[in-house]
Amino acid sequence: VLLLLLWEVCARLGWIDTRFFPAPSAIFAKLFVLTQSGELWKNLSASLVRLGWGILLGGVPALLLGIAMGMSRPIRAIIDPLIAATYPVPKSAILPLILLIFGLGEASKIVMVALGMFYPVVINTLAGVLQIEKIYLDVGRNFGAGRWQVFRTIALPGAMPSIMAGVKLGVGLALILIAIAEMIGADSGLGFMIWNSWQVLTVETMYVGLLVIALLGFVFMLGLNELERWILPWKPDR
């Protein structure tokens, strides 16, 4: 709040160039106009649909693969080098390739989000399974637990703190990548709104898009924190 007040005062006194840094009051006024016109809801809903599908299609396979890698040394030996080799490649750098393969439609945006979600979840899930104390796995096997029982009652709960950390990282990266993907070859979405407003120099609209993405990130983190408290009641709050 203090930073916003300082920004507002500097803008009104002419200490900053309002062509590039419009006053917060002007940004919130534009937010109200875009909300009333429905333009903001249209772009927000388009981004949320892409995010939802991308998070689902990237997160679920990553979760299953990460647990399989943690429980099976041969699978880990095969898949781990591929993940280590492809993870450092900037996801935004392969956007042209994704557009070439999947076209300019919805699929390319969803794939970008799925890629952003996949790597943090699979890496953190693998780390979570590997750090489970071996005695728990031994006890499960000694009591005749099958692979599905070991997965459901030992590997998944034991790795869940790391999995949630990966999900949080993945959602943050997904927000970044959906904005980048929507700036190229899209006619809707928050990224499109930001890019289009830059092209026509409606700077207030650009800041509205940035503000909404920031608020989405904040809301997602609050929701994930509450989900973590619900599914991990044994994890102490610090």
# chains A, B, ... in the order shown; residues from 1 in each chain; ligands from 1

call {"tool": "residues_around", "arguments": {"residues": "range 148-159 of chain A", "least_positions_apart": "3", "cutoff": "12 Å", "atoms": "only C-alpha atoms", "output": "PyMOL selection string"}}
result
chain A and resi 63-72+121-145+162-166+228+231-235

call {"tool": "write_last_selection", "arguments": {"atoms": "C-alpha atoms", "output": "compact mmCIF listing (two decimals), in the first residue's frame"}}
result
# COMPACT_ATOMS: atom_id res chain seq x y z
CA LEU A 63 3.18 -37.30 -10.88
CA LEU A 64 2.82 -40.88 -12.09
CA LEU A 65 6.17 -40.87 -13.89
CA GLY A 66 8.00 -39.35 -10.91
CA ILE A 67 6.69 -42.02 -8.55
CA ALA A 68 7.48 -44.79 -11.06
CA MET A 69 11.03 -43.47 -11.42
CA GLY A 70 11.45 -43.32 -7.66
CA MET A 71 10.22 -46.89 -7.15
CA SER A 72 12.03 -48.47 -10.11
CA VAL A 121 6.34 -31.90 -10.65
CA VAL A 122 8.28 -34.87 -11.99
CA ILE A 123 11.59 -33.70 -10.49
CA ASN A 124 10.11 -32.94 -7.07
CA THR A 125 8.07 -36.14 -7.05
CA LEU A 126 11.17 -38.20 -7.81
CA ALA A 127 13.09 -36.42 -5.07
CA GLY A 128 10.23 -36.99 -2.63
CA VAL A 129 10.05 -40.73 -3.31
CA LEU A 130 13.82 -41.15 -3.08
CA GLN A 131 13.96 -39.47 0.31
CA ILE A 132 11.41 -41.86 1.86
CA GLU A 133 13.21 -43.94 4.46
CA LYS A 134 13.87 -47.44 3.14
CA ILE A 135 12.47 -49.04 6.27
CA TYR A 136 8.92 -48.02 5.30
CA LEU A 137 9.25 -49.77 1.94
CA ASP A 138 10.75 -52.83 3.63
CA VAL A 139 7.91 -53.00 6.15
CA GLY A 140 5.36 -52.76 3.35
CA ARG A 141 6.97 -55.58 1.41
CA ASN A 142 7.34 -57.73 4.54
CA PHE A 143 3.61 -57.43 5.13
CA GLY A 144 2.90 -58.51 1.56
CA ALA A 145 2.02 -55.15 0.04
CA SER A 162 7.77 -32.60 -2.28
CA ILE A 163 4.95 -33.08 -4.77
CA MET A 164 3.13 -30.02 -3.42
CA ALA A 165 6.32 -27.99 -3.68
CA GLY A 166 6.62 -29.08 -7.31
CA GLU A 228 -1.58 -28.75 1.41
CA ILE A 231 -3.98 -33.39 2.55
CA LEU A 232 -0.89 -33.10 4.78
CA PRO A 233 -2.31 -32.68 8.29
CA TRP A 234 0.87 -34.17 9.79
CA LYS A 235 3.08 -31.45 8.30

call {"tool": "residues_around", "arguments": {"residues": "Phe28 in chain A", "least_positions_apart": "4", "cutoff": "10 Å", "atoms": "only C-alpha atoms", "output": "PDB file with all heavy atoms, in the first residue's frame"}}
result
ATOM      1  N   ALA A  23      -0.399   6.379 -13.130  1.00  0.00           N
ATOM      2  CA  ALA A  23      -0.740   6.346 -11.708  1.00  0.00           C
ATOM      3  C   ALA A  23      -1.614   5.134 -11.402  1.00  0.00           C
ATOM      4  O   ALA A  23      -2.420   4.709 -12.233  1.00  0.00           O
ATOM      5  CB  ALA A  23      -1.475   7.626 -11.325  1.00  0.00           C
ATOM      6  N   PRO A  24      -1.464   4.565 -10.208  1.00  0.00           N
ATOM      7  CA  PRO A  24      -2.313   3.429  -9.834  1.00  0.00           C
ATOM      8  C   PRO A  24      -3.800   3.722  -9.954  1.00  0.00           C
ATOM      9  O   PRO A  24      -4.582   2.837 -10.304  1.00  0.00           O
ATOM     10  CB  PRO A  24      -1.910   3.159  -8.382  1.00  0.00           C
ATOM     11  CG  PRO A  24      -0.495   3.625  -8.291  1.00  0.00           C
ATOM     12  CD  PRO A  24      -0.425   4.826  -9.190  1.00  0.00           C
ATOM     13  N   PHE A  32     -11.652  -1.173 -13.889  1.00  0.00           N
ATOM     14  CA  PHE A  32     -13.114  -1.090 -13.742  1.00  0.00           C
ATOM     15  C   PHE A  32     -13.786  -1.039 -15.109  1.00  0.00           C
ATOM     16  O   PHE A  32     -14.795  -1.714 -15.346  1.00  0.00           O
ATOM     17  CB  PHE A  32     -13.472   0.153 -12.923  1.00  0.00           C
ATOM     18  CG  PHE A  32     -14.948   0.339 -12.730  1.00  0.00           C
ATOM     19  CD1 PHE A  32     -15.650  -0.429 -11.818  1.00  0.00           C
ATOM     20  CD2 PHE A  32     -15.642   1.281 -13.489  1.00  0.00           C
ATOM     21  CE1 PHE A  32     -17.012  -0.261 -11.649  1.00  0.00           C
ATOM     22  CE2 PHE A  32     -17.008   1.456 -13.318  1.00  0.00           C
ATOM     23  CZ  PHE A  32     -17.692   0.686 -12.398  1.00  0.00           C
ATOM     24  N   VAL A  33     -13.225  -0.245 -16.030  1.00  0.00           N
ATOM     25  CA  VAL A  33     -13.801  -0.126 -17.379  1.00  0.00           C
ATOM     26  C   VAL A  33     -13.759  -1.472 -18.101  1.00  0.00           C
ATOM     27  O   VAL A  33     -14.749  -1.892 -18.722  1.00  0.00           O
ATOM     28  CB  VAL A  33     -13.041   0.945 -18.190  1.00  0.00           C
ATOM     29  CG1 VAL A  33     -13.463   0.921 -19.658  1.00  0.00           C
ATOM     30  CG2 VAL A  33     -13.285   2.328 -17.601  1.00  0.00           C
ATOM     31  N   LEU A  34     -12.618  -2.163 -18.032  1.00  0.00           N
ATOM     32  CA  LEU A  34     -12.476  -3.457 -18.711  1.00  0.00           C
ATOM     33  C   LEU A  34     -13.386  -4.512 -18.094  1.00  0.00           C
ATOM     34  O   LEU A  34     -13.882  -5.405 -18.794  1.00  0.00           O
ATOM     35  CB  LEU A  34     -11.020  -3.928 -18.652  1.00  0.00           C
ATOM     36  CG  LEU A  34     -10.010  -3.106 -19.456  1.00  0.00           C
ATOM     37  CD1 LEU A  34      -8.590  -3.575 -19.168  1.00  0.00           C
ATOM     38  CD2 LEU A  34     -10.304  -3.204 -20.949  1.00  0.00           C
ATOM     39  N   GLU A 204      -2.232   1.601 -19.682  1.00  0.00           N
ATOM     40  CA  GLU A 204      -3.030   1.211 -18.511  1.00  0.00           C
ATOM     41  C   GLU A 204      -3.567  -0.211 -18.643  1.00  0.00           C
ATOM     42  O   GLU A 204      -3.579  -0.971 -17.675  1.00  0.00           O
ATOM     43  CB  GLU A 204      -4.196   2.192 -18.313  1.00  0.00           C
ATOM     44  CG  GLU A 204      -3.788   3.595 -17.884  1.00  0.00           C
ATOM     45  CD  GLU A 204      -3.431   4.471 -19.070  1.00  0.00           C
ATOM     46  OE1 GLU A 204      -3.472   3.955 -20.214  1.00  0.00           O
ATOM     47  OE2 GLU A 204      -3.121   5.652 -18.867  1.00  0.00           O
ATOM     48  N   THR A 205      -3.999  -0.582 -19.851  1.00  0.00           N
ATOM     49  CA  THR A 205      -4.496  -1.939 -20.076  1.00  0.00           C
ATOM     50  C   THR A 205      -3.389  -2.969 -19.875  1.00  0.00           C
ATOM     51  O   THR A 205      -3.627  -4.057 -19.340  1.00  0.00           O
ATOM     52  CB  THR A 205      -5.071  -2.069 -21.501  1.00  0.00           C
ATOM     53  OG1 THR A 205      -6.101  -1.092 -21.675  1.00  0.00           O
ATOM     54  CG2 THR A 205      -5.638  -3.451 -21.748  1.00  0.00           C
ATOM     55  N   TYR A 207      -0.869  -2.715 -17.818  1.00  0.00           N
ATOM     56  CA  TYR A 207      -0.675  -2.870 -16.383  1.00  0.00           C
ATOM     57  C   TYR A 207      -1.819  -3.653 -15.746  1.00  0.00           C
ATOM     58  O   TYR A 207      -1.607  -4.398 -14.778  1.00  0.00           O
ATOM     59  CB  TYR A 207      -0.535  -1.502 -15.713  1.00  0.00           C
ATOM     60  CG  TYR A 207       0.863  -0.943 -15.773  1.00  0.00           C
ATOM     61  CD1 TYR A 207       1.252  -0.086 -16.788  1.00  0.00           C
ATOM     62  CD2 TYR A 207       1.805  -1.291 -14.805  1.00  0.00           C
ATOM     63  CE1 TYR A 207       2.542   0.418 -16.852  1.00  0.00           C
ATOM     64  CE2 TYR A 207       3.086  -0.788 -14.850  1.00  0.00           C
ATOM     65  CZ  TYR A 207       3.451   0.075 -15.876  1.00  0.00           C
ATOM     66  OH  TYR A 207       4.733   0.559 -15.928  1.00  0.00           O
ATOM     67  N   VAL A 208      -3.027  -3.508 -16.266  1.00  0.00           N
ATOM     68  CA  VAL A 208      -4.155  -4.293 -15.766  1.00  0.00           C
ATOM     69  C   VAL A 208      -3.885  -5.780 -15.976  1.00  0.00           C
ATOM     70  O   VAL A 208      -4.110  -6.607 -15.083  1.00  0.00           O
ATOM     71  CB  VAL A 208      -5.466  -3.869 -16.456  1.00  0.00           C
ATOM     72  CG1 VAL A 208      -6.583  -4.877 -16.147  1.00  0.00           C
ATOM     73  CG2 VAL A 208      -5.886  -2.481 -15.994  1.00  0.00           C
ATOM     74  N   LEU A 211      -1.337  -6.916 -13.518  1.00  0.00           N
ATOM     75  CA  LEU A 211      -1.932  -6.973 -12.185  1.00  0.00           C
ATOM     76  C   LEU A 211      -2.789  -8.220 -12.009  1.00  0.00           C
ATOM     77  O   LEU A 211      -2.708  -8.897 -10.973  1.00  0.00           O
ATOM     78  CB  LEU A 211      -2.780  -5.717 -11.953  1.00  0.00           C
ATOM     79  CG  LEU A 211      -3.589  -5.671 -10.652  1.00  0.00           C
ATOM     80  CD1 LEU A 211      -2.665  -5.650  -9.442  1.00  0.00           C
ATOM     81  CD2 LEU A 211      -4.503  -4.440 -10.640  1.00  0.00           C
TER      82      LEU A 211
END

call {"tool": "residues_around", "arguments": {"residues": "range 35-49 of chain A", "least_positions_apart": "5", "cutoff": "6 Å", "atoms": "only C-alpha atoms", "output": "VMD selection string"}}
result
chain A and resid 188 to 190

call {"tool": "write_last_selection", "arguments": {"atoms": "N, CA, C and O atoms", "output": "short mmCIF file (atom, residue, chain, number, x, y, z; two decimals), in the first residue's frame"}}
result
data_model
loop_
_atom_site.label_atom_id
_atom_site.label_comp_id
_atom_site.auth_asym_id
_atom_site.auth_seq_id
_atom_site.Cartn_x
_atom_site.Cartn_y
_atom_site.Cartn_z
N SER A 188 -7.04 -14.01 -27.82
CA SER A 188 -7.68 -13.85 -26.51
C SER A 188 -6.69 -14.29 -25.44
O SER A 188 -5.67 -14.92 -25.73
N GLY A 189 -7.01 -13.96 -24.22
CA GLY A 189 -6.13 -14.32 -23.10
C GLY A 189 -5.43 -13.10 -22.52
O GLY A 189 -5.33 -12.05 -23.17
N LEU A 190 -4.92 -13.25 -21.31
CA LEU A 190 -4.24 -12.14 -20.64
C LEU A 190 -2.96 -11.75 -21.36
O LEU A 190 -2.62 -10.57 -21.45
#

call {"tool": "select_by_dssp", "arguments": {"residues": "range 9-123 of chain A", "states": "alpha helix (DSSP H)", "output": "PyMOL selection string"}}
result
chain A and resi 9-12+24-37+39-71+73-86+95-102+106-123

call {"tool": "write_last_selection", "arguments": {"atoms": "C-alpha atoms", "output": "PDB file, in the first residue's frame"}}
result
ATOM      1  CA  VAL A   9       2.219  10.803  -5.492  1.00  0.00           C
ATOM      2  CA  CYS A  10       5.183  10.629  -7.866  1.00  0.00           C
ATOM      3  CA  ALA A  11       2.852  10.338 -10.855  1.00  0.00           C
ATOM      4  CA  ARG A  12       0.699  13.292  -9.787  1.00  0.00           C
ATOM      5  CA  PRO A  24      -2.313   3.429  -9.834  1.00  0.00           C
ATOM      6  CA  SER A  25      -5.617   5.334  -9.797  1.00  0.00           C
ATOM      7  CA  ALA A  26      -5.589   5.362 -13.623  1.00  0.00           C
ATOM      8  CA  ILE A  27      -4.782   1.641 -13.709  1.00  0.00           C
ATOM      9  CA  PHE A  28      -7.627   0.743 -11.335  1.00  0.00           C
ATOM     10  CA  ALA A  29      -9.989   2.997 -13.299  1.00  0.00           C
ATOM     11  CA  LYS A  30      -9.050   1.078 -16.449  1.00  0.00           C
ATOM     12  CA  LEU A  31      -9.564  -2.190 -14.561  1.00  0.00           C
ATOM     13  CA  PHE A  32     -13.114  -1.090 -13.742  1.00  0.00           C
ATOM     14  CA  VAL A  33     -13.801  -0.126 -17.379  1.00  0.00           C
ATOM     15  CA  LEU A  34     -12.476  -3.457 -18.711  1.00  0.00           C
ATOM     16  CA  THR A  35     -14.519  -5.336 -16.118  1.00  0.00           C
ATOM     17  CA  GLN A  36     -17.689  -3.493 -17.013  1.00  0.00           C
ATOM     18  CA  SER A  37     -17.187  -3.992 -20.754  1.00  0.00           C
ATOM     19  CA  GLU A  39     -13.219  -7.620 -22.115  1.00  0.00           C
ATOM     20  CA  LEU A  40     -11.298  -8.594 -18.989  1.00  0.00           C
ATOM     21  CA  TRP A  41     -13.596 -11.545 -18.219  1.00  0.00           C
ATOM     22  CA  LYS A  42     -13.308 -12.805 -21.792  1.00  0.00           C
ATOM     23  CA  ASN A  43      -9.508 -12.800 -21.709  1.00  0.00           C
ATOM     24  CA  LEU A  44      -9.317 -14.102 -18.142  1.00  0.00           C
ATOM     25  CA  SER A  45     -11.627 -17.044 -18.856  1.00  0.00           C
ATOM     26  CA  ALA A  46      -9.630 -17.965 -21.987  1.00  0.00           C
ATOM     27  CA  SER A  47      -6.386 -18.038 -19.986  1.00  0.00           C
ATOM     28  CA  LEU A  48      -7.947 -20.004 -17.115  1.00  0.00           C
ATOM     29  CA  VAL A  49      -9.272 -22.704 -19.457  1.00  0.00           C
ATOM     30  CA  ARG A  50      -5.837 -23.125 -21.040  1.00  0.00           C
ATOM     31  CA  LEU A  51      -4.201 -23.151 -17.622  1.00  0.00           C
ATOM     32  CA  GLY A  52      -6.615 -25.759 -16.320  1.00  0.00           C
ATOM     33  CA  TRP A  53      -6.063 -28.169 -19.183  1.00  0.00           C
ATOM     34  CA  GLY A  54      -2.315 -27.595 -19.259  1.00  0.00           C
ATOM     35  CA  ILE A  55      -1.897 -28.119 -15.510  1.00  0.00           C
ATOM     36  CA  LEU A  56      -3.956 -31.309 -15.683  1.00  0.00           C
ATOM     37  CA  LEU A  57      -2.250 -32.749 -18.776  1.00  0.00           C
ATOM     38  CA  GLY A  58       1.221 -31.864 -17.510  1.00  0.00           C
ATOM     39  CA  GLY A  59       0.836 -32.533 -13.809  1.00  0.00           C
ATOM     40  CA  VAL A  60      -0.854 -35.953 -13.733  1.00  0.00           C
ATOM     41  CA  PRO A  61       1.644 -37.743 -16.056  1.00  0.00           C
ATOM     42  CA  ALA A  62       4.505 -36.048 -14.218  1.00  0.00           C
ATOM     43  CA  LEU A  63       3.179 -37.302 -10.876  1.00  0.00           C
ATOM     44  CA  LEU A  64       2.822 -40.882 -12.088  1.00  0.00           C
ATOM     45  CA  LEU A  65       6.172 -40.872 -13.890  1.00  0.00           C
ATOM     46  CA  GLY A  66       8.000 -39.346 -10.912  1.00  0.00           C
ATOM     47  CA  ILE A  67       6.688 -42.022  -8.546  1.00  0.00           C
ATOM     48  CA  ALA A  68       7.481 -44.786 -11.059  1.00  0.00           C
ATOM     49  CA  MET A  69      11.027 -43.470 -11.417  1.00  0.00           C
ATOM     50  CA  GLY A  70      11.448 -43.320  -7.661  1.00  0.00           C
ATOM     51  CA  MET A  71      10.216 -46.889  -7.148  1.00  0.00           C
ATOM     52  CA  ARG A  73      15.755 -48.128 -10.720  1.00  0.00           C
ATOM     53  CA  PRO A  74      15.551 -49.296 -14.401  1.00  0.00           C
ATOM     54  CA  ILE A  75      12.842 -46.730 -15.216  1.00  0.00           C
ATOM     55  CA  ARG A  76      14.888 -44.052 -13.476  1.00  0.00           C
ATOM     56  CA  ALA A  77      17.997 -45.038 -15.434  1.00  0.00           C
ATOM     57  CA  ILE A  78      16.109 -44.670 -18.717  1.00  0.00           C
ATOM     58  CA  ILE A  79      14.058 -41.508 -18.076  1.00  0.00           C
ATOM     59  CA  ASP A  80      16.278 -39.452 -15.762  1.00  0.00           C
ATOM     60  CA  PRO A  81      18.923 -38.601 -18.414  1.00  0.00           C
ATOM     61  CA  LEU A  82      16.184 -37.434 -20.801  1.00  0.00           C
ATOM     62  CA  ILE A  83      14.710 -35.132 -18.173  1.00  0.00           C
ATOM     63  CA  ALA A  84      18.160 -33.842 -17.198  1.00  0.00           C
ATOM     64  CA  ALA A  85      18.928 -33.059 -20.848  1.00  0.00           C
ATOM     65  CA  THR A  86      15.634 -31.377 -21.764  1.00  0.00           C
ATOM     66  CA  LEU A  95       7.578 -22.024 -28.643  1.00  0.00           C
ATOM     67  CA  PRO A  96       8.233 -21.710 -32.423  1.00  0.00           C
ATOM     68  CA  LEU A  97       8.656 -25.498 -32.615  1.00  0.00           C
ATOM     69  CA  ILE A  98       5.447 -26.053 -30.644  1.00  0.00           C
ATOM     70  CA  LEU A  99       3.596 -23.660 -32.945  1.00  0.00           C
ATOM     71  CA  LEU A 100       5.006 -25.528 -35.932  1.00  0.00           C
ATOM     72  CA  ILE A 101       3.795 -28.878 -34.588  1.00  0.00           C
ATOM     73  CA  PHE A 102       0.491 -27.916 -32.945  1.00  0.00           C
ATOM     74  CA  GLU A 106      -5.537 -23.854 -28.410  1.00  0.00           C
ATOM     75  CA  ALA A 107      -3.307 -26.939 -28.453  1.00  0.00           C
ATOM     76  CA  SER A 108      -0.025 -24.982 -28.606  1.00  0.00           C
ATOM     77  CA  LYS A 109      -0.948 -22.874 -25.565  1.00  0.00           C
ATOM     78  CA  ILE A 110      -2.015 -25.916 -23.576  1.00  0.00           C
ATOM     79  CA  VAL A 111       1.199 -27.744 -24.475  1.00  0.00           C
ATOM     80  CA  MET A 112       3.270 -24.785 -23.264  1.00  0.00           C
ATOM     81  CA  VAL A 113       1.474 -24.809 -19.909  1.00  0.00           C
ATOM     82  CA  ALA A 114       1.808 -28.604 -19.679  1.00  0.00           C
ATOM     83  CA  LEU A 115       5.566 -28.376 -20.255  1.00  0.00           C
ATOM     84  CA  GLY A 116       5.899 -25.751 -17.554  1.00  0.00           C
ATOM     85  CA  MET A 117       3.962 -27.960 -15.154  1.00  0.00           C
ATOM     86  CA  PHE A 118       5.623 -31.266 -16.071  1.00  0.00           C
ATOM     87  CA  TYR A 119       9.244 -30.685 -15.116  1.00  0.00           C
ATOM     88  CA  PRO A 120       8.883 -29.218 -11.600  1.00  0.00           C
ATOM     89  CA  VAL A 121       6.337 -31.898 -10.650  1.00  0.00           C
ATOM     90  CA  VAL A 122       8.284 -34.873 -11.991  1.00  0.00           C
ATOM     91  CA  ILE A 123      11.592 -33.696 -10.492  1.00  0.00           C
TER      92      ILE A 123
END

call {"tool": "closest_residue", "arguments": {"among": "A:Met193, A:Trp198, A:Ile176, A:Asp187", "to": "Gly217 in chain A", "atoms": "only C-alpha atoms"}}
result
A:Ile176

call {"tool": "residues_around", "arguments": {"residues": "Ile180 in chain A", "least_positions_apart": "3", "cutoff": "8 Å", "atoms": "only C-alpha atoms", "output": "compact mmCIF listing (two decimals) with N, CA, C and O atoms, in the first residue's frame"}}
result
# COMPACT_ATOMS: atom_id res chain seq x y z
N SER A 92 10.30 -21.09 -23.44
CA SER A 92 9.91 -20.05 -24.39
C SER A 92 10.68 -20.16 -25.69
O SER A 92 10.20 -19.76 -26.76
N ILE A 176 3.63 -17.97 -16.20
CA ILE A 176 4.60 -17.26 -17.04
C ILE A 176 4.48 -17.70 -18.49
O ILE A 176 4.42 -16.87 -19.42
N LEU A 177 4.39 -19.01 -18.71
CA LEU A 177 4.40 -19.54 -20.07
C LEU A 177 3.10 -19.27 -20.81
O LEU A 177 3.10 -19.08 -22.02
N MET A 183 0.92 -14.26 -26.27
CA MET A 183 1.40 -13.07 -26.98
C MET A 183 1.65 -13.34 -28.45
O MET A 183 1.76 -12.41 -29.24
N ILE A 184 1.77 -14.62 -28.80
CA ILE A 184 2.07 -14.99 -30.19
C ILE A 184 0.96 -15.90 -30.69
O ILE A 184 0.74 -16.98 -30.15
N GLY A 191 -2.21 -12.75 -21.86
CA GLY A 191 -1.00 -12.44 -22.61
C GLY A 191 -1.31 -11.65 -23.87
O GLY A 191 -0.60 -10.69 -24.21
